[in-house]
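Structure file work-v7.cif with mmCIF, C-alpha atoms and all ligand atoms:
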```cif
data_input
#
loop_
_atom_site.label_atom_id
_atom_site.label_comp_id
_atom_site.auth_asym_id
_atom_site.auth_seq_id
_atom_site.Cartn_x
_atom_site.Cartn_y
_atom_site.Cartn_z
CA MET A 43 37.50 102.44 50.86
CA SER A 44 39.63 101.66 53.89
CA SER A 45 43.32 101.28 53.22
CA ASN A 46 46.32 100.24 55.26
CA MET A 47 48.69 101.88 52.79
CA LEU A 48 46.96 105.24 52.33
CA ILE A 49 46.62 107.01 55.67
CA ASP A 50 45.40 110.33 54.25
CA LYS A 51 42.95 110.20 51.37
CA ASN A 52 42.93 113.95 50.79
CA SER A 53 44.61 114.69 47.49
CA PRO A 54 47.70 116.90 47.71
CA TYR A 55 47.37 117.61 43.96
CA CYS A 56 45.34 120.05 41.85
CA PRO A 57 41.69 119.00 41.46
CA GLY A 58 41.39 116.29 38.80
CA CYS A 59 45.13 115.54 38.69
CA GLY A 60 45.89 112.07 37.36
CA HIS A 61 48.41 111.41 40.12
CA MET A 62 45.62 110.80 42.63
CA ASN A 63 44.23 107.85 40.72
CA VAL A 64 47.72 106.37 40.49
CA THR A 65 48.06 106.76 44.26
CA LEU A 66 44.69 105.08 44.87
CA ASN A 67 45.59 102.20 42.54
CA LEU A 68 48.99 101.76 44.17
CA ALA A 69 47.46 101.69 47.66
CA LYS A 70 44.82 99.21 46.50
CA ALA A 71 47.46 96.98 44.90
CA ILE A 72 49.55 96.91 48.10
CA ASP A 73 46.48 96.27 50.25
CA SER A 74 45.12 93.50 48.05
CA LEU A 75 48.52 91.78 47.94
CA GLU A 76 48.28 91.87 51.76
CA ILE A 77 51.69 93.50 52.02
CA ASP A 78 52.40 95.23 55.31
CA PRO A 79 53.06 98.91 54.43
CA LEU A 80 56.15 98.73 56.65
CA ASP A 81 57.55 96.19 54.17
CA VAL A 82 57.25 98.84 51.45
CA ILE A 83 59.74 101.61 50.72
CA VAL A 84 58.42 104.30 48.40
CA VAL A 85 61.12 106.47 46.83
CA SER A 86 60.10 109.64 45.05
CA ASP A 87 61.86 112.76 43.87
CA ILE A 88 61.07 116.31 42.82
CA GLY A 89 57.85 116.74 40.90
CA CYS A 90 54.16 116.88 41.82
CA CYS A 91 53.88 113.09 42.12
CA GLY A 92 56.40 113.19 44.99
CA LEU A 93 53.93 115.17 47.11
CA ILE A 94 52.31 111.93 48.18
CA ASP A 95 54.94 110.93 50.78
CA PRO A 96 53.08 112.14 53.91
CA SER A 97 49.91 110.30 52.88
CA LEU A 98 51.50 106.85 52.85
CA ALA A 99 51.90 104.43 55.76
CA SER A 100 55.02 102.91 54.18
CA HIS A 101 58.60 104.06 54.57
CA THR A 102 59.19 106.98 52.22
CA ILE A 103 62.32 108.63 50.89
CA HIS A 104 62.36 111.82 48.86
CA GLY A 105 65.42 112.41 46.70
CA LEU A 106 66.93 114.87 44.28
CA HIS A 107 65.23 115.51 40.96
CA GLY A 108 65.53 112.53 38.65
CA ARG A 109 67.25 110.29 41.19
CA ALA A 110 64.40 108.19 42.63
CA CYS A 111 65.40 105.17 40.56
CA ALA A 112 69.06 105.52 41.59
CA LEU A 113 68.11 105.70 45.27
CA ALA A 114 65.71 102.78 44.92
CA SER A 115 68.45 100.73 43.20
CA GLY A 116 70.80 101.26 46.14
CA ILE A 117 68.07 100.28 48.58
CA ALA A 118 67.16 97.16 46.59
CA LEU A 119 70.79 96.12 46.42
CA ALA A 120 71.42 96.68 50.11
CA ILE A 121 68.19 95.13 51.40
CA ASP A 122 68.33 92.16 49.01
CA ASN A 123 65.04 90.73 50.25
CA PRO A 124 62.19 89.83 47.86
CA ASN A 125 59.70 90.30 50.71
CA LYS A 126 60.52 94.01 50.90
CA LYS A 127 58.87 95.98 48.13
CA ILE A 128 60.79 98.96 46.78
CA ILE A 129 58.71 101.29 44.65
CA ALA A 130 60.17 104.33 42.91
CA ILE A 131 57.77 107.01 41.70
CA GLN A 132 58.80 109.61 39.14
CA GLY A 133 57.18 112.00 36.73
CA ASP A 134 58.07 112.01 33.04
CA GLY A 135 60.47 114.90 33.76
CA GLY A 136 62.25 113.03 36.55
CA ALA A 137 62.40 109.82 34.51
CA THR A 138 63.96 111.71 31.58
CA ILE A 139 66.54 113.40 33.82
CA GLY A 140 67.40 110.07 35.45
CA ILE A 141 67.16 107.93 32.33
CA ALA A 142 70.65 106.45 32.80
CA HIS A 143 69.67 105.27 36.28
CA LEU A 144 66.57 103.64 34.85
CA LEU A 145 68.58 101.83 32.16
CA GLU A 146 71.16 100.64 34.68
CA ALA A 147 68.45 99.39 37.04
CA ALA A 148 66.87 97.52 34.12
CA ARG A 149 70.25 96.17 32.95
CA ARG A 150 71.00 94.77 36.38
CA ASN A 151 67.36 93.77 36.89
CA PHE A 152 67.31 95.27 40.39
CA ASN A 153 64.36 94.05 42.38
CA LEU A 154 62.20 97.19 42.35
CA THR A 155 59.20 98.71 40.62
CA LEU A 156 59.47 102.07 38.87
CA ILE A 157 56.19 103.90 38.30
CA VAL A 158 56.48 106.74 35.78
CA ASN A 159 53.59 109.20 35.92
CA ASN A 160 53.67 110.52 32.36
CA ASN A 161 51.45 113.58 31.97
CA GLN A 162 53.70 114.93 29.20
CA ILE A 163 55.05 117.89 31.14
CA TYR A 164 56.99 119.16 34.14
CA GLY A 165 53.93 120.10 36.24
CA MET A 166 55.68 121.52 39.29
CA THR A 167 57.64 124.09 37.32
CA GLY A 168 54.88 125.30 35.04
CA GLY A 169 54.32 122.89 32.17
CA GLN A 170 57.60 122.59 30.28
CA LEU A 171 57.96 119.71 27.82
CA SER A 172 59.82 116.59 28.90
CA GLY A 173 61.66 113.90 26.96
CA LEU A 174 58.45 111.83 27.06
CA SER A 175 56.10 114.49 25.65
CA ASN A 176 54.55 112.93 22.57
CA GLU A 177 54.85 114.58 19.16
CA ASN A 178 51.22 115.57 18.96
CA PHE A 179 51.38 117.20 22.38
CA GLN A 180 54.55 119.10 21.41
CA HIS A 181 52.88 120.34 18.26
CA GLU A 182 49.48 121.21 19.74
CA ASN A 183 50.54 122.64 23.09
CA ALA A 184 53.94 124.14 22.48
CA ASN A 185 53.58 125.11 18.81
CA ILE A 186 56.59 123.01 17.86
CA GLU A 187 56.68 122.65 14.11
CA GLU A 188 59.11 119.75 14.02
CA PRO A 189 58.46 117.76 17.18
CA LEU A 190 61.20 115.54 18.57
CA THR A 191 60.61 111.81 18.87
CA PRO A 192 59.94 111.09 22.55
CA PHE A 193 61.86 108.37 24.38
CA ASN A 194 59.98 105.10 24.47
CA LEU A 195 60.73 104.17 28.08
CA ILE A 196 59.14 100.76 27.97
CA GLU A 197 61.12 99.66 24.91
CA LEU A 198 64.33 101.16 26.32
CA ALA A 199 63.83 99.35 29.63
CA LYS A 200 63.01 96.10 27.80
CA SER A 201 66.11 96.27 25.63
CA ALA A 202 68.23 97.07 28.69
CA GLY A 203 66.99 93.92 30.45
CA ALA A 204 63.90 94.78 32.51
CA THR A 205 61.77 91.76 33.36
CA TYR A 206 58.36 93.41 33.46
CA GLY A 207 57.11 96.49 31.68
CA CYS A 208 53.77 98.03 30.99
CA GLN A 209 52.41 101.23 29.48
CA LEU A 210 48.79 102.02 30.31
CA ILE A 211 46.32 104.87 30.50
CA GLY A 212 45.80 105.91 34.11
CA LYS A 213 42.05 105.92 34.40
CA GLY A 214 39.89 103.49 36.32
CA ASP A 215 41.29 100.41 38.01
CA PHE A 216 44.69 99.17 36.83
CA THR A 217 45.78 97.45 40.03
CA ASP A 218 46.30 94.11 38.26
CA TYR A 219 49.20 95.58 36.29
CA LEU A 220 50.70 97.17 39.39
CA LYS A 221 50.38 93.87 41.26
CA LYS A 222 52.24 92.05 38.47
CA ALA A 223 54.97 94.68 38.60
CA ILE A 224 55.29 94.56 42.39
CA ASN A 225 55.30 90.76 42.46
CA ASN A 226 57.96 90.49 39.76
CA ASN A 227 61.30 89.43 41.23
CA GLY A 228 63.36 91.95 39.27
CA PHE A 229 63.07 95.34 37.62
CA SER A 230 59.54 96.39 36.64
CA ILE A 231 58.51 99.60 34.97
CA VAL A 232 54.95 100.86 34.70
CA GLU A 233 54.46 104.00 32.62
CA ILE A 234 51.09 105.58 33.30
CA LEU A 235 49.72 108.11 30.82
CA GLU A 236 47.85 110.75 32.77
CA VAL A 237 45.99 114.00 32.69
CA CYS A 238 47.35 117.22 34.21
CA PRO A 239 44.38 119.62 34.17
CA SER A 240 46.68 122.56 34.91
CA TYR A 241 49.10 122.20 31.98
CA GLY A 242 48.55 118.94 30.11
CA TYR A 243 45.68 116.83 28.85
CA GLN A 244 42.34 117.68 30.47
CA LYS A 245 40.60 114.39 29.69
CA TYR A 246 41.68 110.78 29.27
CA SER A 247 39.74 110.63 25.99
CA GLU A 248 42.36 113.01 24.52
CA ILE A 249 45.04 110.42 25.26
CA GLU A 250 42.93 107.54 23.99
CA ASN A 251 42.19 109.44 20.76
CA LEU A 252 45.91 109.52 20.03
CA GLY A 253 45.88 105.74 19.79
CA PHE A 254 47.64 104.84 23.06
CA LYS A 255 46.74 101.37 24.20
CA THR A 256 47.83 99.18 27.06
CA TYR A 257 51.04 97.34 26.23
CA GLU A 258 53.06 94.97 28.42
CA PHE A 259 55.97 92.52 28.28
CA GLU A 260 57.46 89.98 30.66
CA ASN A 261 60.84 88.27 30.78
CA LYS A 262 62.37 85.94 33.31
CA ARG A 263 65.86 86.60 34.60
CA ASN A 264 67.44 86.58 38.04
CA PRO A 265 67.97 89.97 39.71
CA PHE A 266 71.52 91.21 40.15
CA ARG A 267 72.82 90.64 43.69
CA LEU A 268 75.97 91.72 45.46
CA TYR A 269 78.19 88.98 46.72
CA LYS A 270 78.98 89.68 50.33
CA ASN A 271 82.71 89.96 49.70
CA GLU A 272 82.05 92.85 47.30
CA ILE A 273 80.78 95.04 50.14
CA LYS A 274 83.57 97.32 51.18
CA SER A 275 83.45 99.19 54.47
CA LEU A 276 85.18 102.52 54.99
CA ILE A 277 86.68 101.04 58.15
CA ASN A 278 88.88 97.98 58.02
CA PHE A 279 87.38 95.99 60.88
CA ASN A 280 90.28 93.56 60.86
CA GLU A 281 92.41 96.41 62.14
CA SER A 282 89.91 97.39 64.81
CA LYS A 283 91.12 95.24 67.63
CA VAL A 284 89.80 95.59 71.17
CA TYR A 285 92.46 96.82 73.57
CA PHE A 286 90.53 98.64 76.31
CA GLU A 287 87.45 98.26 78.46
CA SER A 288 84.63 100.72 78.92
CA ASN A 289 81.99 100.93 81.66
CA LEU A 290 79.61 102.89 79.47
CA ASP A 291 76.14 101.49 80.15
CA LYS A 292 73.99 103.59 77.81
CA PRO A 293 74.42 105.50 74.53
CA ILE A 294 75.98 108.94 74.61
CA LYS A 295 75.37 111.47 71.83
CA ILE A 296 78.20 113.89 71.22
CA ILE A 297 78.33 116.80 68.80
CA LEU A 298 81.71 118.25 67.91
CA ALA A 299 81.14 121.64 66.32
CA GLY A 300 83.67 123.96 64.75
CA SER A 301 84.77 125.42 61.45
CA ALA A 302 86.46 124.17 58.31
CA GLY A 303 90.20 123.72 58.82
CA GLU A 304 89.94 122.87 62.53
CA GLY A 305 90.32 119.11 62.06
CA ILE A 306 86.80 118.42 63.35
CA GLN A 307 86.11 115.41 61.13
CA SER A 308 89.53 113.79 61.68
CA ALA A 309 89.35 114.31 65.44
CA ALA A 310 85.89 112.74 65.51
CA GLU A 311 87.07 109.78 63.45
CA LEU A 312 90.06 109.16 65.74
CA PHE A 313 87.70 109.39 68.72
CA ALA A 314 85.34 106.91 67.03
CA ARG A 315 88.21 104.49 66.40
CA ALA A 316 89.20 104.78 70.05
CA ALA A 317 85.65 103.88 71.10
CA ILE A 318 85.69 100.87 68.76
CA SER A 319 88.93 99.74 70.41
CA CYS A 320 86.93 99.62 73.66
CA ASN A 321 84.39 97.25 72.11
CA LEU A 322 81.78 100.00 71.80
CA ASN A 323 79.44 100.63 68.87
CA VAL A 324 79.92 103.95 67.13
CA THR A 325 78.35 106.04 64.41
CA LYS A 326 79.93 109.19 63.06
CA LYS A 327 78.16 111.62 60.76
CA GLY A 328 79.89 114.59 59.17
CA ASP A 329 77.94 117.73 58.31
CA TYR A 330 79.44 120.67 56.43
CA PRO A 331 78.54 122.96 53.51
CA ILE A 332 79.33 121.96 49.91
CA THR A 333 82.17 124.47 50.11
CA VAL A 334 84.20 122.18 52.37
CA GLY A 335 87.00 124.74 52.80
CA THR A 336 84.85 127.34 54.51
CA GLY A 337 81.95 127.61 56.97
CA PHE A 338 80.91 125.26 59.75
CA SER A 339 82.15 121.71 60.25
CA VAL A 340 80.17 119.45 62.54
CA ALA A 341 80.62 115.80 63.50
CA GLU A 342 77.90 113.85 65.28
CA LEU A 343 79.05 110.83 67.26
CA ILE A 344 76.90 108.23 68.93
CA ILE A 345 78.78 105.86 71.19
CA SER A 346 76.91 102.95 72.69
CA PRO A 347 77.43 99.61 74.41
CA ASN A 348 74.47 98.35 72.34
CA GLU A 349 73.65 98.30 68.64
CA ILE A 350 72.76 101.72 67.23
CA HIS A 351 69.63 101.64 65.08
CA TYR A 352 69.18 105.35 64.43
CA THR A 353 72.14 107.58 63.68
CA GLY A 354 70.52 111.01 64.00
CA ILE A 355 70.95 113.31 67.01
CA GLU A 356 67.99 115.50 67.93
CA LYS A 357 69.32 116.53 71.37
CA ALA A 358 72.97 116.11 72.30
CA ASP A 359 74.20 114.77 75.62
CA VAL A 360 77.45 116.62 75.00
CA LEU A 361 78.21 119.56 72.74
CA ILE A 362 81.82 120.48 72.16
CA ALA A 363 81.94 123.89 70.51
CA ILE A 364 85.32 124.90 69.16
CA SER A 365 84.31 127.95 67.20
CA GLN A 366 81.31 130.19 66.62
CA ASN A 367 80.33 128.80 63.20
CA GLY A 368 79.80 125.32 64.55
CA PHE A 369 78.06 126.53 67.72
CA ASP A 370 75.60 128.67 65.76
CA TYR A 371 74.80 125.72 63.51
CA THR A 372 74.17 123.25 66.35
CA LYS A 373 72.84 125.33 69.24
CA THR A 374 69.26 124.15 68.62
CA LYS A 375 70.39 120.63 69.50
CA ILE A 376 71.18 121.41 73.12
CA ASP A 377 68.94 121.77 76.16
CA ASP A 378 69.40 122.10 79.94
CA ASN A 379 70.65 118.51 80.14
CA THR A 380 73.40 118.97 77.58
CA PHE A 381 76.91 119.25 78.95
CA VAL A 382 78.77 121.89 76.94
CA ILE A 383 82.51 122.16 76.54
CA ALA A 384 83.28 125.37 74.69
CA ASP A 385 86.12 127.56 73.63
CA SER A 386 86.10 130.86 75.57
CA SER A 387 85.57 132.76 72.32
CA ILE A 388 82.04 131.41 71.84
CA GLN A 389 79.39 134.15 72.11
CA ASN A 390 75.84 133.75 73.42
CA LEU A 391 76.51 130.50 75.21
CA ILE A 392 73.72 130.23 77.75
CA SER A 393 74.12 127.00 79.68
CA SER A 394 74.42 126.26 83.37
CA ASN A 395 76.14 122.98 82.61
CA LYS A 396 79.29 124.06 80.87
CA LEU A 397 83.06 124.23 80.90
CA THR A 398 84.77 126.95 78.90
CA PHE A 399 88.47 127.24 78.23
CA ASP A 400 90.87 128.91 75.79
CA PHE A 401 91.34 125.76 73.72
CA GLN A 402 92.13 127.71 70.56
CA LYS A 403 94.72 129.99 72.21
CA THR A 404 96.31 127.22 74.27
CA PHE A 405 96.47 124.39 71.74
CA GLY A 406 96.06 126.14 68.41
CA LYS A 407 93.29 126.05 65.86
CA LYS A 408 94.01 122.57 64.52
CA ASN A 409 94.41 120.91 67.93
CA SER A 410 91.42 122.30 69.80
CA ALA A 411 89.07 119.52 68.76
CA ILE A 412 91.39 116.78 69.99
CA SER A 413 92.23 118.55 73.24
CA SER A 414 88.56 119.17 74.04
CA LEU A 415 87.70 115.53 73.31
CA PHE A 416 90.47 114.52 75.71
CA THR A 417 88.97 116.88 78.28
CA LEU A 418 85.61 115.19 77.82
CA LEU A 419 87.12 111.77 78.54
CA ILE A 420 88.59 113.07 81.78
CA LEU A 421 85.28 114.59 82.85
CA LYS A 422 82.92 111.84 81.73
CA ASN A 423 83.36 108.14 82.11
CA ILE A 424 82.88 107.15 78.46
CA PHE A 425 86.00 105.09 77.82
CA PRO A 426 89.61 105.28 79.03
CA PRO A 427 91.56 108.32 77.73
CA GLU A 428 94.38 105.85 76.98
CA ALA A 429 92.22 104.44 74.17
CA PHE A 430 92.11 107.88 72.52
CA GLU A 431 95.83 108.30 73.09
CA ASN A 432 96.41 104.95 71.42
CA SER A 433 94.19 105.94 68.50
CA LEU A 434 96.27 109.11 67.99
CA HIS A 435 99.49 107.08 68.18
CA GLU A 436 98.22 104.84 65.39
CA SER A 437 97.34 107.74 63.10
CA LYS A 438 99.58 109.05 60.33
CA HIS A 439 100.22 112.24 62.35
CA ARG A 440 101.68 110.26 65.23
CA GLU A 441 104.75 112.46 65.79
CA LYS A 442 102.71 115.64 66.06
CA PHE A 443 100.22 114.02 68.40
CA ILE A 444 102.84 112.73 70.85
CA GLN A 445 103.81 116.32 71.71
CA LEU A 446 100.20 117.43 71.79
CA ILE A 447 99.21 114.65 74.20
CA GLU A 448 101.91 115.72 76.66
CA LYS A 449 100.65 119.30 76.53
CA ILE A 450 97.05 118.22 77.02
CA LYS A 451 97.95 115.97 79.96
CA SER A 452 99.75 118.81 81.64
CA PHE A 453 96.76 121.09 81.06
CA LEU A 454 94.28 118.56 82.38
CA SER A 455 96.27 117.94 85.54
CA GLU A 456 96.11 121.69 86.30
CA ILE A 457 92.50 122.58 85.62
CA ASN A 458 89.86 122.42 88.32
CA HIS A 459 87.04 120.83 86.42
CA PRO A 460 83.50 120.54 87.79
CA ALA A 461 82.55 117.28 89.52
S1 LIG A 501 50.36 120.83 38.12
FE1 LIG A 501 49.50 119.08 36.99
S2 LIG A 501 50.72 117.33 37.72
FE2 LIG A 501 51.00 118.98 39.19
S3 LIG A 501 49.44 118.62 40.77
FE3 LIG A 501 48.59 120.06 39.30
S4 LIG A 501 47.48 118.80 37.84
FE4 LIG A 501 48.85 117.46 38.96
#
```

Would you encode the structure as structure tokens?
Ligand code: SF4
Amino acid sequence: MSSNMLIDKNSPYCPGCGHMNVTLNLAKAIDSLEIDPLDVIVVSDIGCCGLIDPSLASHTIHGLHGRACALASGIALAIDNPNKKIIAIQGDGGATIGIAHLLEAARRNFNLTLIVNNNQIYGMTGGQLSGLSNENFQHENANIEEPLTPFNLIELAKSAGATYGCQLIGKGDFTDYLKKAINNNGFSIVEILEVCPSYGYQKYSEIENLGFKTYEFENKRNPFRLYKNEIKSLINFNESKVYFESNLDKPIKIILAGSAGEGIQSAAELFARAAISCNLNVTKKGDYPITVGTGFSVAELIISPNEIHYTGIEKADVLIAISQNGFDYTKTKIDDNTFVIADSSIQNLISSNKLTFDFQKTFGKKNSAISSLFTLLILKNIFPPEAFENSLHESKHREKFIQLIEKIKSFLSEINHPA
């Protein structure tokens, strides 16, 4: 079989695992519907079935355990295009953990297909029972005397408002059911009863002997859509007027790296606002540990005269390192072409293209980020420093910044910076 969707036909699963037949059926369904894999977004999460990502030619996203349906819902809502096919894949464990997401997706009839690979157990963690393990399986395999009634996902999804649902046994060819689910303009759920030779059923006949049969339902209802005026941006673009001009002719990638409490994120945001006031496109990404009050704090800024389609930075054009934590975290993102502005305290800074100064001692811990960004604007022709000054004047810390700007200007007029 040749497939556009499946680029690697080697199974990543244990020999005989039911997930492989689901993968083959899914690929066949996409191929026979003549859907370009790049119009497909497959969202999986933790569990053996999520191992398939690298084998698919589609876009793939791998999320936290139980959250595939939540991620897929956000994607469906944001993309809002029936020609893009969003397919969430979960195991019975993940579907149980994320059951509220499933019900909400069904209630709102988001335009996506959820495939639940139900092999009765959490395979990746050693065969624990899930909320979908049937009573017989609980009794036979886990010696449970009084088995709990498993969730009936298909009935739950139906009552919540799903518009297509199907429960089937995952042997042979079941692409017709997957095609119906994928073609449905709304929320579809396909629960596939499977074998897991390592911990669950060994043969499909064991599932058939329990009386499971294919069951499906269909309803017609429009998917939930966001009205455009419900989309709220974190930046009020009405306030982002253009005041200054920039001669920047290509994107510049800047990393501002320091520690918690050094105002890294606020300095980067004020810098981003300044760039916007020069009619430039900007992305800002904050990166810090869950413990926001300690450890590194890093902001990645991309500033460009053109639209920015990818917000990641693999190699920085400029690294501004305020303190050791941030430098250690980001030093793999610099090379010989990166211009480094660093506080003199930074250890192990090997770069021939650098400017070091006592930013921390001269301006204080909380002002080093802003003063080094000012320094960058003097050294590199990104946008006028006046734009940054204006951005600081418009912030809520205006009074503090007025004094700081005077100190920075005096400093910059004195230093002999490299050409
Ligand atoms: S543990 Fe079970 S579900 Fe996981 S890959 Fe192996 S057979 Fe498949």

Practice problem: Return as an NGL selection string the residues of protein, DNA or RNA that approach ligand LIG 501 (chain A) to within 10 Å, with only C-alpha atoms and all ligand atoms taken into account. | Solution: :A and (53-62 or 89-93 or 133 or 159-169 or 236-244)

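When only C-alpha atoms are used to measure the gap to A:Ala384, the shortest distance among A:Pro331, A:Gly368, A:Pro124, A:Gly253 belongs to A:Gly368.
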
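Residue nearest A:Gly116, chosen from A:Asp215, A:Glu146, A:Glu76, A:Glu342 and counting only C-alpha atoms: A:Glu146.
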
Quiz item: Counting all atoms listed in the file, which of A:Leu446, A:Leu391, A:Ile83, A:Ile355 gets nearest to A:Phe369?
Solution: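 Ranked by minimum distance to A:Phe369, first place goes to A:Leu391.
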
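Distances to A:Glu177 were evaluated for A:Ser414, A:Gln389, A:Thr191, A:Thr336 using all atoms listed in the file, and the minimum falls at A:Thr191.
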
Quiz item: Pick the closest to A:Asn185 from A:Gly136, A:Leu171, A:Phe216, A:Pro79: which is it, counting all atoms listed in the file?
Solution: A:Leu171

Can you pull out every residue within 6 Å of A:Asp87, counting only C-alpha atoms, but drop anything in the same chain fewer than 5 positions away, and send it as a compact mmCIF listing (two decimals) with C-alpha atoms, in the frame of the given file?
```txt
# COMPACT_ATOMS: atom_id res chain seq x y z
CA GLY A 92 56.40 113.19 44.99
CA HIS A 104 62.36 111.82 48.86
CA GLY A 105 65.42 112.41 46.70
CA LEU A 106 66.93 114.87 44.28
CA HIS A 107 65.23 115.51 40.96
CA ALA A 110 64.40 108.19 42.63
```

Quiz prompt | Two-atom distance - atom CA of A:Ser437, atom CA of A:Ser339 (Å) | solution = 20.8 Å

Quiz item: What separation in Å, quoted to one decimal, exists between atom CA of A:Ile94 and atom CA of A:Ile77?
Solution: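 Separating atom CA of A:Ile94 from atom CA of A:Ile77 is a distance of 18.8 Å.
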
Take every atom of stretch 302-317 of chain A listed in the file, pad by 6 Å on each side, and give me the axis-aligned box centre and edge lengths in Å, one decimal, as AutoDock Vina command-line options.
```
--center_x 87.8 --center_y 114.0 --center_z 64.7 --size_x 17.0 --size_y 32.3 --size_z 24.8
```

Stretch 277-333 of chain A near stretch 418-434 of chain A within 9 Å: what's each residue's closest atom pair and its distance in Å to one decimal, counting all atoms listed in the file, ordered by chain then ascending residue number, as JSON lines?
```
{"residue": "A:Tyr285", "atom": "CA", "partner": "A:Ala429", "partner_atom": "CA", "distance": 7.6}
{"residue": "A:Phe286", "atom": "CA", "partner": "A:Ala429", "partner_atom": "CA", "distance": 6.4}
{"residue": "A:Glu287", "atom": "CA", "partner": "A:Phe425", "partner_atom": "CA", "distance": 7.0}
{"residue": "A:Ser288", "atom": "CA", "partner": "A:Phe425", "partner_atom": "CA", "distance": 4.7}
{"residue": "A:Asn289", "atom": "CA", "partner": "A:Phe425", "partner_atom": "CA", "distance": 6.9}
{"residue": "A:Leu290", "atom": "CA", "partner": "A:Ile424", "partner_atom": "CA", "distance": 5.5}
{"residue": "A:Asp291", "atom": "CA", "partner": "A:Ile424", "partner_atom": "CA", "distance": 9.0}
{"residue": "A:Ile294", "atom": "CA", "partner": "A:Ile424", "partner_atom": "CA", "distance": 8.1}
{"residue": "A:Leu312", "atom": "CA", "partner": "A:Ser433", "partner_atom": "CA", "distance": 5.9}
{"residue": "A:Phe313", "atom": "CA", "partner": "A:Phe430", "partner_atom": "CA", "distance": 6.0}
{"residue": "A:Ala314", "atom": "CA", "partner": "A:Phe430", "partner_atom": "CA", "distance": 8.8}
{"residue": "A:Arg315", "atom": "CA", "partner": "A:Ser433", "partner_atom": "CA", "distance": 6.5}
{"residue": "A:Ala316", "atom": "CA", "partner": "A:Phe430", "partner_atom": "CA", "distance": 4.9}
{"residue": "A:Ala317", "atom": "CA", "partner": "A:Phe425", "partner_atom": "CA", "distance": 6.8}
{"residue": "A:Ser319", "atom": "CA", "partner": "A:Ala429", "partner_atom": "CA", "distance": 6.9}
{"residue": "A:Cys320", "atom": "CA", "partner": "A:Phe425", "partner_atom": "CA", "distance": 6.9}
{"residue": "A:Leu322", "atom": "CA", "partner": "A:Phe425", "partner_atom": "CA", "distance": 8.9}
```

Practice problem: Using all atoms listed in the file, find all polymer residues with an atom at most 12 Å away from the point (67.7, 100.8, 38.9); report them as a PyMOL selection string. | Solution: chain A and resi 85+108-119+128-130+137+140-157+199+202-204+228-231+265-266

Quiz item: What separation in Å, quoted to one decimal, exists between atom CA of A:Ile49 and atom CA of A:Leu220?
Solution: 19.5 Å

Self-check item: Shortest interatomic distance to A:Tyr352 - which of A:Gly337, A:Ile392, A:Lys326, A:Asp370, counting all atoms listed in the file
Solution: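 Distance minimum relative to A:Tyr352 lands on A:Lys326.
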
Self-check item: Shell of 7 Å around A:Phe381, only C-alpha atoms, local chain residues under 2 positions omitted, as a PyMOL selection string
Solution: chain A and resi 359-361+379+383+395-396

Practice problem: Write out as a list in words which residues come within 9 Å of A:Thr398 when counting only C-alpha atoms, dropping same-chain ones fewer than 6 positions away. | Solution: Val382, Ile383, Ala384, Asp385, Ser386, Ser387 and Ile388 of chain A

Practice problem: Could you give me, as JSON, numbers by chain, the residues within 12 Å of A:Asn251, counting all atoms listed in the file and dropping anything in the same chain fewer than 6 positions from it? | Solution: {"A": [178, 211, 243, 245]}

Just the selected residues (C-alpha atoms), exported as an mmCIF file, in the frame of the given file, please.
```cif
data_model
loop_
_atom_site.group_PDB
_atom_site.id
_atom_site.type_symbol
_atom_site.label_atom_id
_atom_site.label_comp_id
_atom_site.auth_asym_id
_atom_site.auth_seq_id
_atom_site.Cartn_x
_atom_site.Cartn_y
_atom_site.Cartn_z
ATOM 1 C CA ASN A 178 51.220 115.570 18.960
ATOM 2 C CA ILE A 211 46.320 104.870 30.500
ATOM 3 C CA TYR A 243 45.680 116.830 28.850
ATOM 4 C CA LYS A 245 40.600 114.390 29.690
#
```
